[in-house]
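Colleague: This is the content of structure26.cif (mmCIF, C-alpha atoms):
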data_work
loop_
_atom_site.label_atom_id
_atom_site.label_comp_id
_atom_site.auth_asym_id
_atom_site.auth_seq_id
_atom_site.Cartn_x
_atom_site.Cartn_y
_atom_site.Cartn_z
CA MET A 1 35.56 0.90 17.11
CA ARG A 2 34.05 -0.98 20.06
CA VAL A 3 31.85 -3.84 18.80
CA THR A 4 29.82 -6.41 20.73
CA VAL A 5 29.05 -9.74 19.09
CA LEU A 6 26.10 -11.52 20.66
CA GLY A 7 26.42 -15.27 20.20
CA ALA A 8 29.59 -17.36 20.04
CA GLY A 9 28.60 -20.07 17.60
CA SER A 10 30.57 -20.55 14.38
CA TRP A 11 29.18 -17.42 12.72
CA GLY A 12 29.58 -15.16 15.75
CA THR A 13 33.12 -16.46 16.28
CA ALA A 14 34.03 -15.89 12.63
CA LEU A 15 32.68 -12.34 12.67
CA ALA A 16 34.56 -11.62 15.91
CA ILE A 17 37.77 -12.89 14.32
CA HIS A 18 37.21 -10.68 11.26
CA LEU A 19 36.41 -7.61 13.37
CA GLY A 20 39.46 -8.22 15.52
CA ARG A 21 41.62 -8.35 12.39
CA CYS A 22 40.03 -5.03 11.31
CA GLY A 23 41.35 -3.39 14.47
CA CYS A 24 38.05 -3.28 16.34
CA ASP A 25 37.86 -3.73 20.10
CA VAL A 26 35.56 -6.77 20.22
CA VAL A 27 33.57 -8.31 23.07
CA VAL A 28 31.79 -11.62 22.43
CA TRP A 29 28.86 -12.60 24.62
CA ALA A 30 28.59 -16.36 25.09
CA LEU A 31 26.22 -18.51 27.12
CA GLU A 32 28.75 -21.30 27.62
CA GLY A 33 31.27 -20.72 30.39
CA GLU A 34 33.84 -22.91 28.64
CA VAL A 35 33.63 -20.68 25.57
CA VAL A 36 34.20 -17.53 27.63
CA LYS A 37 37.15 -19.15 29.37
CA GLY A 38 38.60 -20.50 26.14
CA ILE A 39 38.45 -17.19 24.26
CA ASN A 40 39.94 -15.24 27.17
CA SER A 41 42.68 -17.71 28.11
CA THR A 42 43.73 -19.43 24.88
CA HIS A 43 42.18 -17.21 22.17
CA ARG A 44 40.24 -20.20 20.86
CA ASN A 45 36.57 -21.14 20.96
CA PRO A 46 36.64 -24.75 22.22
CA LEU A 47 33.17 -25.59 20.88
CA PHE A 48 32.96 -23.76 17.54
CA LEU A 49 35.84 -23.37 15.04
CA PRO A 50 38.31 -24.55 17.71
CA ASP A 51 41.18 -24.67 15.22
CA CYS A 52 40.80 -20.98 14.24
CA PRO A 53 42.91 -18.55 16.30
CA ILE A 54 41.07 -15.52 17.70
CA PRO A 55 42.89 -12.15 17.69
CA PRO A 56 44.03 -10.70 21.04
CA ALA A 57 41.65 -7.74 20.48
CA VAL A 58 38.71 -10.11 21.08
CA ARG A 59 37.57 -11.01 24.58
CA ALA A 60 34.49 -12.79 25.91
CA GLU A 61 31.85 -11.98 28.52
CA ALA A 62 29.13 -14.12 30.10
CA ASP A 63 27.16 -11.09 31.31
CA LEU A 64 25.03 -9.51 28.58
CA ALA A 65 24.94 -6.02 30.09
CA ALA A 66 28.70 -5.97 30.61
CA ALA A 67 29.27 -7.20 27.06
CA CYS A 68 27.21 -4.35 25.58
CA ALA A 69 28.53 -1.52 27.77
CA GLY A 70 30.12 1.16 25.60
CA ALA A 71 29.49 -0.65 22.31
CA GLU A 72 29.41 1.46 19.16
CA ALA A 73 27.74 -1.40 17.29
CA VAL A 74 26.05 -4.63 18.42
CA ILE A 75 26.12 -7.62 16.07
CA PHE A 76 23.46 -10.23 16.75
CA THR A 77 24.16 -13.82 15.65
CA VAL A 78 21.78 -15.82 17.89
CA PRO A 79 19.62 -18.24 15.83
CA VAL A 80 16.28 -16.67 15.00
CA GLN A 81 14.14 -19.21 16.86
CA TYR A 82 15.98 -18.31 20.10
CA ALA A 83 16.40 -14.61 19.39
CA ARG A 84 13.36 -13.23 21.19
CA ALA A 85 14.40 -14.50 24.64
CA VAL A 86 17.89 -13.00 24.26
CA LEU A 87 16.48 -9.70 23.01
CA ARG A 88 14.26 -9.44 26.08
CA THR A 89 17.34 -9.76 28.26
CA LEU A 90 19.02 -7.15 26.07
CA ARG A 91 16.39 -4.46 26.78
CA GLY A 92 17.98 -1.30 28.05
CA HIS A 93 21.52 -2.46 27.30
CA VAL A 94 21.93 -1.39 23.65
CA PRO A 95 23.77 1.95 23.82
CA VAL A 96 21.82 4.91 22.44
CA GLY A 97 22.50 5.31 18.73
CA ALA A 98 24.51 2.10 18.38
CA PRO A 99 23.30 0.13 15.34
CA LEU A 100 22.04 -3.38 16.02
CA VAL A 101 23.28 -5.51 13.14
CA SER A 102 21.38 -8.76 12.68
CA ALA A 103 23.50 -11.49 11.12
CA SER A 104 20.86 -14.14 11.95
CA LYS A 105 19.04 -15.69 8.98
CA GLY A 106 15.54 -17.03 9.41
CA ILE A 107 11.86 -16.37 10.08
CA GLU A 108 10.38 -16.97 13.52
CA VAL A 109 7.90 -19.84 13.29
CA ALA A 110 5.63 -18.70 16.11
CA SER A 111 5.07 -15.19 14.75
CA LEU A 112 6.17 -15.48 11.08
CA GLN A 113 8.27 -12.35 11.70
CA ARG A 114 11.63 -11.31 10.32
CA MET A 115 14.45 -10.23 12.63
CA ASP A 116 13.79 -6.51 12.10
CA GLU A 117 10.20 -7.06 13.26
CA ILE A 118 11.27 -9.15 16.26
CA VAL A 119 13.82 -6.51 17.26
CA GLN A 120 11.19 -3.79 16.98
CA ASP A 121 8.78 -5.83 19.12
CA GLU A 122 11.29 -6.53 21.87
CA LEU A 123 13.57 -3.48 21.91
CA GLY A 124 11.54 -0.73 20.25
CA LEU A 125 14.65 0.65 18.55
CA PRO A 126 14.26 3.32 15.86
CA ALA A 127 14.14 1.71 12.40
CA GLU A 128 17.34 3.48 11.35
CA GLN A 129 19.23 1.72 14.15
CA PHE A 130 18.61 -1.73 12.63
CA VAL A 131 20.91 -3.17 9.96
CA ALA A 132 20.72 -6.61 8.32
CA LEU A 133 23.92 -8.44 7.38
CA SER A 134 23.58 -11.24 4.86
CA GLY A 135 25.29 -12.86 1.89
CA PRO A 136 27.33 -15.91 0.84
CA SER A 137 29.65 -16.30 3.81
CA PHE A 138 30.59 -19.64 5.33
CA ALA A 139 31.88 -18.99 8.84
CA ARG A 140 35.00 -21.10 8.47
CA GLU A 141 36.06 -19.34 5.28
CA VAL A 142 35.57 -15.92 6.89
CA ALA A 143 37.61 -17.07 9.89
CA ASN A 144 40.33 -18.31 7.53
CA ASP A 145 40.44 -14.87 5.86
CA LEU A 146 39.31 -16.08 2.42
CA PRO A 147 37.83 -13.41 0.09
CA THR A 148 34.12 -12.90 0.86
CA ALA A 149 31.43 -10.38 -0.07
CA ALA A 150 28.18 -9.65 1.75
CA VAL A 151 25.49 -6.99 2.11
CA LEU A 152 24.60 -4.51 4.86
CA ALA A 153 21.00 -3.30 4.56
CA GLY A 154 19.41 -0.46 6.50
CA VAL A 155 17.00 2.43 6.04
CA ASN A 156 19.56 5.03 7.17
CA ALA A 157 22.18 5.32 4.43
CA THR A 158 24.62 7.14 6.73
CA VAL A 159 24.54 4.41 9.37
CA VAL A 160 25.04 1.71 6.73
CA ARG A 161 27.84 3.60 5.01
CA GLN A 162 29.72 4.15 8.28
CA LEU A 163 29.50 0.44 9.12
CA GLN A 164 30.44 -0.52 5.59
CA GLN A 165 33.59 1.59 5.72
CA ARG A 166 34.58 0.50 9.21
CA ILE A 167 34.21 -3.27 8.94
CA SER A 168 35.15 -3.88 5.31
CA ALA A 169 38.60 -5.28 4.63
CA PRO A 170 40.60 -6.51 1.61
CA THR A 171 39.28 -10.02 2.24
CA PHE A 172 35.73 -9.14 3.33
CA ARG A 173 33.89 -6.62 1.18
CA PHE A 174 30.50 -5.25 2.21
CA TYR A 175 28.01 -3.76 -0.23
CA SER A 176 25.19 -1.48 0.94
CA SER A 177 21.44 -1.75 0.41
CA SER A 178 18.29 -0.04 1.63
CA ASP A 179 16.15 -3.16 1.08
CA VAL A 180 16.01 -4.56 4.61
CA ILE A 181 12.98 -6.76 3.88
CA GLY A 182 14.47 -8.24 0.72
CA VAL A 183 17.89 -8.92 2.23
CA GLU A 184 16.40 -10.58 5.31
CA LEU A 185 13.96 -12.73 3.36
CA ALA A 186 16.56 -13.75 0.79
CA GLY A 187 18.93 -14.87 3.54
CA ALA A 188 16.21 -16.83 5.28
CA LEU A 189 14.42 -18.43 2.34
CA LYS A 190 17.50 -19.70 0.47
CA ASN A 191 18.02 -22.15 3.36
CA VAL A 192 14.80 -23.91 2.38
CA ILE A 193 16.09 -24.44 -1.16
CA ALA A 194 19.41 -25.62 0.29
CA ILE A 195 17.60 -28.42 2.13
CA ALA A 196 15.99 -29.39 -1.19
CA ALA A 197 19.42 -29.37 -2.86
CA GLY A 198 20.77 -31.63 -0.11
CA LEU A 199 17.83 -33.98 -0.52
CA ALA A 200 18.62 -34.24 -4.22
CA GLN A 201 22.26 -34.99 -3.40
CA GLY A 202 21.26 -37.61 -0.84
CA LEU A 203 19.03 -39.27 -3.42
CA GLY A 204 21.83 -39.23 -6.01
CA LEU A 205 19.81 -37.24 -8.54
CA GLY A 206 22.71 -35.52 -10.27
CA HIS A 207 23.67 -32.07 -11.53
CA ASN A 208 20.67 -31.56 -13.82
CA THR A 209 18.38 -31.77 -10.82
CA LEU A 210 20.53 -29.39 -8.78
CA ALA A 211 20.57 -26.80 -11.57
CA ALA A 212 16.79 -26.99 -11.89
CA LEU A 213 16.33 -26.66 -8.12
CA LEU A 214 18.53 -23.56 -7.91
CA THR A 215 16.84 -21.89 -10.87
CA ARG A 216 13.28 -22.64 -9.84
CA GLY A 217 14.17 -22.05 -6.20
CA ILE A 218 15.31 -18.45 -6.75
CA HIS A 219 12.13 -17.98 -8.78
CA GLU A 220 9.83 -18.97 -5.92
CA ILE A 221 11.66 -17.23 -3.07
CA THR A 222 11.67 -14.05 -5.17
CA ARG A 223 7.94 -14.42 -5.66
CA LEU A 224 7.31 -14.49 -1.90
CA GLY A 225 9.93 -11.85 -1.14
CA VAL A 226 8.44 -9.33 -3.57
CA LYS A 227 4.93 -10.04 -2.27
CA LEU A 228 6.13 -9.22 1.27
CA GLY A 229 7.76 -5.94 0.23
CA GLY A 230 11.27 -6.86 -0.91
CA ARG A 231 12.76 -5.72 -4.21
CA GLU A 232 13.19 -8.20 -7.03
CA GLU A 233 16.77 -7.12 -7.76
CA THR A 234 17.82 -8.01 -4.20
CA PHE A 235 17.12 -11.67 -4.95
CA ARG A 236 19.49 -11.51 -7.92
CA GLY A 237 22.28 -10.17 -5.70
CA LEU A 238 24.60 -11.45 -2.99
CA ALA A 239 21.89 -11.97 -0.36
CA GLY A 240 19.75 -13.88 -2.86
CA MET A 241 21.38 -15.75 -5.74
CA GLY A 242 24.86 -15.45 -4.22
CA ASP A 243 23.89 -17.04 -0.92
CA LEU A 244 21.63 -19.56 -2.66
CA VAL A 245 24.48 -20.87 -4.84
CA LEU A 246 26.82 -21.13 -1.86
CA THR A 247 24.35 -22.82 0.46
CA CYS A 248 23.07 -25.26 -2.15
CA THR A 249 26.47 -26.37 -3.43
CA GLY A 250 29.00 -25.89 -0.62
CA ALA A 251 30.00 -28.82 1.57
CA LEU A 252 30.11 -26.52 4.64
CA SER A 253 26.37 -25.74 4.37
CA ARG A 254 24.48 -27.02 7.41
CA ASN A 255 21.15 -26.85 5.58
CA ARG A 256 22.40 -28.71 2.52
CA THR A 257 23.96 -31.33 4.82
CA ALA A 258 20.67 -31.70 6.71
CA GLY A 259 18.85 -32.31 3.44
CA GLU A 260 21.48 -34.76 2.25
CA ARG A 261 21.16 -36.82 5.42
CA LEU A 262 17.36 -36.84 5.09
CA GLY A 263 17.73 -37.92 1.47
CA ARG A 264 19.86 -40.85 2.60
CA GLY A 265 17.07 -41.95 4.92
CA GLU A 266 18.09 -40.55 8.33
CA ARG A 267 15.38 -39.41 10.70
CA LEU A 268 14.88 -35.68 11.22
CA GLU A 269 15.47 -36.00 14.99
CA ALA A 270 18.94 -37.43 14.37
CA VAL A 271 19.77 -34.78 11.78
CA LEU A 272 18.91 -31.99 14.23
CA ALA A 273 20.70 -33.49 17.23
CA GLY A 274 24.07 -31.70 16.89
CA ARG A 275 25.26 -28.34 18.20
CA GLU A 276 25.04 -26.56 14.86
CA VAL A 277 21.61 -25.18 13.90
CA ALA A 278 20.04 -25.84 10.48
CA GLU A 279 17.89 -22.70 10.31
CA GLY A 280 16.22 -23.90 7.14
CA VAL A 281 14.15 -26.51 8.99
CA PRO A 282 12.01 -24.09 11.03
CA THR A 283 12.19 -21.50 8.23
CA THR A 284 10.61 -24.02 5.84
CA ARG A 285 7.52 -24.16 8.02
CA ALA A 286 7.42 -20.37 8.41
CA ALA A 287 7.89 -19.80 4.68
CA ALA A 288 5.15 -22.28 3.80
CA ALA A 289 2.77 -20.59 6.26
CA LEU A 290 3.55 -17.15 4.80
CA ALA A 291 3.06 -18.45 1.27
CA ARG A 292 -0.37 -19.80 2.15
CA ARG A 293 -1.30 -16.60 3.99
CA TRP A 294 -0.39 -14.45 0.97
CA GLY A 295 -1.51 -16.86 -1.76
CA VAL A 296 1.99 -17.39 -3.18
CA GLU A 297 2.83 -20.59 -5.04
CA MET A 298 6.03 -22.19 -3.66
CA PRO A 299 6.12 -25.82 -4.82
CA ILE A 300 9.69 -26.61 -3.70
CA THR A 301 9.06 -25.11 -0.26
CA PHE A 302 5.81 -27.05 0.10
CA ALA A 303 7.60 -30.25 -0.96
CA VAL A 304 10.35 -29.76 1.64
CA GLU A 305 7.70 -29.03 4.28
CA SER A 306 5.85 -32.25 3.45
CA ILE A 307 9.09 -34.25 3.78
CA LEU A 308 10.00 -32.63 7.11
CA ASP A 309 6.51 -33.36 8.40
CA GLY A 310 6.75 -37.00 7.31
CA ARG A 311 3.79 -36.78 4.94
CA VAL A 312 5.74 -37.94 1.90
CA THR A 313 9.11 -39.52 1.18
CA PRO A 314 11.78 -37.54 -0.67
CA THR A 315 11.25 -39.74 -3.75
CA GLN A 316 7.49 -39.09 -3.72
CA ALA A 317 8.10 -35.34 -3.41
CA VAL A 318 10.41 -35.34 -6.43
CA ARG A 319 7.87 -37.28 -8.48
CA HIS A 320 5.17 -34.77 -7.53
CA LEU A 321 7.35 -31.78 -8.49
CA MET A 322 8.25 -33.30 -11.86
CA THR A 323 4.64 -34.10 -12.79
CA ARG A 324 3.08 -30.73 -11.91
CA GLU A 325 1.07 -28.89 -14.55
CA LEU A 326 3.31 -27.63 -17.36
CA LYS A 327 3.57 -23.83 -17.56
CA GLU A 328 5.51 -20.88 -18.97
CA GLU A 329 8.90 -20.32 -17.33
CA ALA A 330 9.18 -16.52 -17.26
CA LYS A 331 6.14 -15.75 -15.11
CA LEU A 332 6.80 -15.09 -11.43
#
Output the file's structure in the form of structure tokens.
Modeller:
Amino acid sequence: MRVTVLGAGSWGTALAIHLGRCGCDVVVWALEGEVVKGINSTHRNPLFLPDCPIPPAVRAEADLAAACAGAEAVIFTVPVQYARAVLRTLRGHVPVGAPLVSASKGIEVASLQRMDEIVQDELGLPAEQFVALSGPSFAREVANDLPTAAVLAGVNATVVRQLQQRISAPTFRFYSSSDVIGVELAGALKNVIAIAAGLAQGLGLGHNTLAALLTRGIHEITRLGVKLGGREETFRGLAGMGDLVLTCTGALSRNRTAGERLGRGERLEAVLAGREVAEGVPTTRAAAALARRWGVEMPITFAVESILDGRVTPTQAVRHLMTRELKEEAKL
């Protein structure tokens, strides 16, 4: 199977490594010339996961059209806030019938759109050609061939099933879903809760606090996800609770790390200065805007937003959350 991976960050590199191990013929499109050269000459990505060997079946291209030529599937890993510009360049280059698999997690701040909506805007692909890939999957662990499970969601069951069978492996198991909206929103919104979990860690608040954040966090992201058309059970699955647990507790989580640094008193500008993208920061603002638009109560999300905007300190936000009106737990 000929697969194009768009984006050569940690996640794109890890997926390319996995696909290469599966026997796919893989082309990675990268913006950085040194990445293209490194993958093609040394089978390493010098900027992202440089210590992880890349299979010989993977090569890199700097030209987007050349990278997509003949692809039977295109996997998109560009961060959501930069996706639209890349998609515009991609127009006319996605082979007819080839599924576009979005492995990018987030909500565009400017439009408050999910990736399936952005792809439809920019490429006009049939809905059945879009597939969302999400779930608890740290890039480094995928690259190191550690057992992982994720979800492929699409409206065409045949397309999803074919992908599921072709790219699953003994160490990377894909489940199928038809809930594109739920899978995309779960993958995006859990990053907001991960920032909150990092803030709690940075403040030294302990395991009780973390447990409460995860439990109440899945409650509020489910509330918004269902309001926007997702299915409640999706948020109890791999894309929801699974990814939430990983991102809120794992040391490799960029969003948790961003929150932890903020909790220790670092400025947001310094936290965001590295190469790796913490998608939860812009997604927090998008999620808060959607919640207000649809009248959904999301206290943890609003608290993280207020911290990111500099309106309150992390300690003040915690105090506010803990002194909110008492209410029944079970109600969404």
Colleague: Could you please determine the separation between CA of Ser134 in chain A and CA of Thr301 in chain A in Å, to one decimal place?
Modeller: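 Atom-to-atom, CA of Ser134 in chain A and CA of Thr301 in chain A are spaced 20.7 Å apart.
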Colleague: If I put a ball of radius 10 Å at (26.0, -12.2, 19.8) in the file's coordinates, which residues poke into it when counting all atoms listed in the file, written as a VMD selection string?
Modeller: chain A and resid 4 to 9 11 to 13 15 to 16 27 to 31 64 67 to 68 74 to 79 83 86 101 to 104
Colleague: In Å, how far is it from CA of Val192 in chain A to CA of Thr284 in chain A?
Modeller: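 Calculated distance between CA of Val192 in chain A and CA of Thr284 in chain A is 5.4 Å.
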Colleague: What gap, in Å, lies between CA of Arg264 in chain A and CA of Leu213 in chain A?
Modeller: 18.1 Å
Colleague: Range 210-216 of chain A, all listed atoms, 6 Å padding on each side: what axis-aligned box centre and edge lengths in Å to one decimal come out, as lines of an AutoDock Vina configuration file?
Modeller:
center_x = 16.9
center_y = -25.6
center_z = -9.9
size_x = 19.3
size_y = 19.5
size_z = 16.0
Colleague: Determine the residue membership of the PyMOL selection byres ((chain A and resi 231-238) around 12) for the file above and supply it as number ranges by chain.
Modeller: A: 133-137, 148-153, 173-190, 215, 217-230, 239-247, 332
Colleague: Once the PyMOL selection byres ((chain A and resi 115) around 9) is applied to the coordinates I shared, what remains selected? I want it as a PyMOL selection string.
Modeller: chain A and resi 80+83+102+104-108+113-114+116-120+132+184
Colleague: Can you pull out every residue within 12 Å of Val318 in chain A, counting only C-alpha atoms, but drop anything in the same chain fewer than 6 positions away, and send it as a ChimeraX atom specification?
Modeller: /A:196-197,199-200,203,205,209-210,212-213,263,299-300,302-304,306-307,312,324
Colleague: Compute the distance from (43.0, -9.9, 18.4) to each atom, counting all atoms listed in the file, keep the residues with any atom at most 10 Å away, and return them as a PDB file with C-alpha atoms, in the coordinates of the input; use the coordinates of the file.
Modeller:
ATOM      1  CA  ALA A  16      34.560 -11.620  15.910  1.00  0.00           C
ATOM      2  CA  ILE A  17      37.770 -12.890  14.320  1.00  0.00           C
ATOM      3  CA  HIS A  18      37.210 -10.680  11.260  1.00  0.00           C
ATOM      4  CA  LEU A  19      36.410  -7.610  13.370  1.00  0.00           C
ATOM      5  CA  GLY A  20      39.460  -8.220  15.520  1.00  0.00           C
ATOM      6  CA  ARG A  21      41.620  -8.350  12.390  1.00  0.00           C
ATOM      7  CA  CYS A  22      40.030  -5.030  11.310  1.00  0.00           C
ATOM      8  CA  GLY A  23      41.350  -3.390  14.470  1.00  0.00           C
ATOM      9  CA  CYS A  24      38.050  -3.280  16.340  1.00  0.00           C
ATOM     10  CA  ASP A  25      37.860  -3.730  20.100  1.00  0.00           C
ATOM     11  CA  VAL A  26      35.560  -6.770  20.220  1.00  0.00           C
ATOM     12  CA  HIS A  43      42.180 -17.210  22.170  1.00  0.00           C
ATOM     13  CA  PRO A  53      42.910 -18.550  16.300  1.00  0.00           C
ATOM     14  CA  ILE A  54      41.070 -15.520  17.700  1.00  0.00           C
ATOM     15  CA  PRO A  55      42.890 -12.150  17.690  1.00  0.00           C
ATOM     16  CA  PRO A  56      44.030 -10.700  21.040  1.00  0.00           C
ATOM     17  CA  ALA A  57      41.650  -7.740  20.480  1.00  0.00           C
ATOM     18  CA  VAL A  58      38.710 -10.110  21.080  1.00  0.00           C
ATOM     19  CA  ARG A  59      37.570 -11.010  24.580  1.00  0.00           C
TER      20      ARG A  59
END
Colleague: Please provide as a list in words all residues within 10 Å of Gly70 in chain A, with the sequence filter that same-chain residues fewer than 4 positions apart are discarded (counting only C-alpha atoms).
Modeller: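 Residues near the query, excluding close chain neighbours: Arg2, Val3, Thr4, Ala65, Ala66, His93, Val94, Pro95, Val96 and Ala98 of chain A.
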Colleague: Contacts of Glu279 in chain A at 7 Å or less, counting all atoms listed in the file, minus same-chain residues fewer than 2 places along, as a PyMOL selection string?
Modeller: chain A and resi 106+191+277+281-283
Colleague: Please write as a list in words the full residue list that the PyMOL selection byres ((chain A and resi 256) around 7) yields on this file.
Modeller: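 In the shown coordinates, the PyMOL selection byres ((chain A and resi 256) around 7) covers Ala194, Ile195, Ala197, Gly198, Thr247, Cys248, Ser253, Arg254, Asn255, Thr257, Ala258, Gly259 and Glu260 of chain A.
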Colleague: Closest to Ala62 in chain A among A:Leu290, A:Ile39, A:Gln162, A:Arg44, using all atoms listed in the file?
Modeller: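 Checking each candidate against Ala62 in chain A, we get A:Ile39 as the closest.
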Colleague: Give the answer as one residue: which of A:Val159, A:Ala139, A:Ala110, A:Leu268 has the shortest atom-to-atom distance to Ala286 in chain A, using only C-alpha atoms?
Modeller: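 Checking each candidate against Ala286 in chain A, we get A:Ala110 as the closest.
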Colleague: Would you mind telling me which residue in A:Leu87, A:Ala211, A:Leu272, A:Ala143 lies nearest to Ile193 in chain A when using all atoms listed in the file?
Modeller: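 Looking at the shortest contact to Ile193 in chain A, the residue is A:Ala211.
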Colleague: Find the residue from A:Leu146, A:Ala71, A:Ala14, A:Ala317 that sits nearest to Asp51 in chain A; use all atoms listed in the file when measuring.
Modeller: A:Ala14
Colleague: Just checking: using all atoms listed in the file, which residue out of A:Val109, A:Ala273, A:Leu252, A:Leu49 ends up closest to Ala288 in chain A?
Modeller: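 The closest residue to Ala288 in chain A is A:Val109.
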